[in-house]
Amino acid sequence: MSLAVLRSRALAGTDAPAVSVEVHLANGLPALTIVGLPEAEVRESKDRVRAALQNAGFTIPSRRITVNLAPADVPKESGRFDLPIALGILAASGQIPSRDLDNYEYAGELSLSGELRPIRGALAMTFAMQRRSDGKPRAFIVPMANADEAALVSNATIYPAQTLLQVCAHFTAIDDSCRLPRHVPARVPGTRAYPDFADVKGQLATKRALEVAAAGAHNVLLVGPPGAGKTMLASRFAGLLPPMSDEEALESAAVKSLAGSFSMADWKLRPYRSPHHTISGVALVGGGCDFLK
């Protein structure tokens, strides 16, 4: 078989559209070409993949290798496609079986030694995979460092791996003892305590207005001179709101995952930002001095 197709995901804003990683081996001068609107990080993956395969003990076919990341109109960035590209080359050249490849989605950056490095957006990718399944449920193979984050999505089947060899052994294993174990989600932190309104002395009218806004899900704009207590009150506003639902927590965490700043300690914690009062309007997205999502 000279063609292998694997599933992965790109990142487009807060969305994670599906991407098919198609690897084809053809006769001709040995070369590795990546097409499908790849950015610089993706174009450089051919060197990482080549070195990772050699150091893992595999053979790189002396043929013309074409990797297509479809659909072609979706920009592809970062090194998350290293793992599916490497597996596609191995499957197309017959070094690993391809019968079970379509049961999984893959994401992971490869080091030159074949180790899997963490990626951005693992939670957003898993969230999109569960929401937009094409009718065939798939498991997700990710780097070990992203396993807890991806497992926050309920009912998602996560298989973490530390190296390319572990992933290949998963598909070549004769019995289940040699396969990747399904990840057991880490214990999610309990309810986090927010700063309490009881600490605020005075400001009765403002506190009453914030209570009404929280009860009615209204927007609030705090205006006043520096030192009036706007930041202090805004930082305590989250304590009036009901706990985040799983859907809200996933959406909020997915945004942080896209930026690579997600932490398990932030799970179901309403994010609060307090930019400096001298920030420009261009730098501030949201149009307020203190805001809570």
# chains A, B, ... in the order shown; residues from 1 in each chain; ligands from 1
call {"tool": "residues_around", "arguments": {"residues": "range 57-70 of chain A", "least_positions_apart": "6", "cutoff": "7 Å", "atoms": "only C-alpha atoms", "output": "list of chain:residue names"}}
result
A:Val19, A:Ser20, A:Val21, A:Glu22, A:Val23, A:His24, A:Leu25, A:Ala26, A:Asn27, A:Gly28, A:Leu29, A:Pro30, A:Ala31, A:Leu32, A:Thr33, A:Ile34, A:Val35, A:Gly36, A:Ser93
call {"tool": "residues_around", "arguments": {"residues": "range 208-216 of chain A", "least_positions_apart": "6", "cutoff": "8 Å", "atoms": "only C-alpha atoms", "output": "MDAnalysis selection string"}}
result
chainID A and resid 237 240:241
call {"tool": "atom_distance", "arguments": {"atom1": "CA of Tyr194 in chain A", "atom2": "CA of Ala217 in chain A"}}
result
18.3 Å
call {"tool": "closest_atom_pairs", "arguments": {"of": "range 56-157 of chain A", "to": "range 161-178 of chain A", "cutoff": "6 Å", "atoms": "only C-alpha atoms", "output": "Markdown table"}}
result
| residue | atom | partner | partner_atom | distance |
| --- | --- | --- | --- | --- |
| A:Gly114 | CA | A:Leu164 | CA | 5.4 |
| A:Glu115 | CA | A:Thr163 | CA | 4.2 |
| A:Leu116 | CA | A:Thr163 | CA | 5.1 |
| A:Pro143 | CA | A:Ala161 | CA | 5.2 |
| A:Met144 | CA | A:Ala161 | CA | 5.2 |
call {"tool": "write_last_selection", "arguments": {"atoms": "C-alpha atoms", "output": "PDB file, in the first residue's frame"}}
result
ATOM      1  CA  GLY A 114      11.445  10.508  18.550  1.00  0.00           C
ATOM      2  CA  GLU A 115      10.022  11.842  21.816  1.00  0.00           C
ATOM      3  CA  LEU A 116       6.596  13.483  21.780  1.00  0.00           C
ATOM      4  CA  PRO A 143       1.675  13.575  24.060  1.00  0.00           C
ATOM      5  CA  MET A 144       1.759  12.546  27.706  1.00  0.00           C
TER       6      MET A 144
END
call {"tool": "residues_around", "arguments": {"residues": "range 99-103 of chain A", "least_positions_apart": "2", "cutoff": "9 Å", "atoms": "only C-alpha atoms", "output": "PyMOL selection string"}}
result
chain A and resi 4-7+87+91+97+105+136-140+171
call {"tool": "residues_around", "arguments": {"residues": "Ala86 in chain A", "least_positions_apart": "4", "cutoff": "8 Å", "atoms": "only C-alpha atoms", "output": "list of chain:residue names"}}
result
A:Val49, A:Leu53, A:Asp82, A:Leu90
call {"tool": "write_last_selection", "arguments": {"atoms": "C-alpha atoms", "output": "PDB file, in the first residue's frame"}}
result
ATOM      1  CA  VAL A  49      10.088  13.577  11.066  1.00  0.00           C
ATOM      2  CA  LEU A  53      12.179   8.016  12.147  1.00  0.00           C
ATOM      3  CA  ASP A  82       4.589  15.653  13.109  1.00  0.00           C
ATOM      4  CA  LEU A  90       5.341   4.180   8.168  1.00  0.00           C
TER       5      LEU A  90
END
call {"tool": "residues_around", "arguments": {"residues": "Glu109 in chain A", "least_positions_apart": "2", "cutoff": "8 Å", "atoms": "only C-alpha atoms", "output": "PyMOL selection string"}}
result
chain A and resi 79-83+107+111+116-119
call {"tool": "write_last_selection", "arguments": {"atoms": "C-alpha atoms", "output": "PDB file, in the first residue's frame"}}
result
ATOM      1  CA  GLY A  79       4.289  21.015  14.982  1.00  0.00           C
ATOM      2  CA  ARG A  80       1.153  19.045  15.908  1.00  0.00           C
ATOM      3  CA  PHE A  81       1.176  17.282  12.529  1.00  0.00           C
ATOM      4  CA  ASP A  82       4.589  15.653  13.109  1.00  0.00           C
ATOM      5  CA  LEU A  83       3.095  12.508  14.649  1.00  0.00           C
ATOM      6  CA  ALA A 107      -1.485  15.274  17.376  1.00  0.00           C
ATOM      7  CA  SER A 111      11.829  15.741  18.796  1.00  0.00           C
ATOM      8  CA  LEU A 116       6.596  13.483  21.780  1.00  0.00           C
ATOM      9  CA  ARG A 117       6.517  17.086  22.926  1.00  0.00           C
ATOM     10  CA  PRO A 118       3.404  18.913  24.188  1.00  0.00           C
ATOM     11  CA  ILE A 119       1.300  20.985  21.825  1.00  0.00           C
TER      12      ILE A 119
END
call {"tool": "closest_residue", "arguments": {"among": "A:Gly281, A:Pro75, A:Gly108, A:Gly239", "to": "Tyr159 in chain A", "atoms": "only C-alpha atoms"}}
result
A:Gly108
call {"tool": "atom_distance", "arguments": {"atom1": "CA of Tyr104 in chain A", "atom2": "CA of Asp15 in chain A"}}
result
19.3 Å
call {"tool": "select_by_dssp", "arguments": {"residues": "range 128-288 of chain A", "states": "alpha helix (DSSP H)", "output": "number ranges by chain"}}
result
A: 128-131, 147-150, 164-172, 204-216, 230-236, 246-259
call {"tool": "residues_around", "arguments": {"residues": "Arg48 in chain A", "least_positions_apart": "3", "cutoff": "7 Å", "atoms": "only C-alpha atoms", "output": "PyMOL selection string"}}
result
chain A and resi 44-45+51-52+110-112
call {"tool": "write_last_selection", "arguments": {"atoms": "C-alpha atoms", "output": "PDB file, in the first residue's frame"}}
result
ATOM      1  CA  GLU A  44       9.978  22.271   8.878  1.00  0.00           C
ATOM      2  CA  SER A  45       8.333  19.096  10.177  1.00  0.00           C
ATOM      3  CA  ALA A  51      15.400  12.466  12.021  1.00  0.00           C
ATOM      4  CA  ALA A  52      12.810  10.987  14.423  1.00  0.00           C
ATOM      5  CA  LEU A 110       8.352  15.113  17.497  1.00  0.00           C
ATOM      6  CA  SER A 111      11.829  15.741  18.796  1.00  0.00           C
ATOM      7  CA  LEU A 112      14.786  14.527  16.755  1.00  0.00           C
TER       8      LEU A 112
END
call {"tool": "atom_distance", "arguments": {"atom1": "CA of Arg273 in chain A", "atom2": "CA of Ser245 in chain A"}}
result
20.4 Å
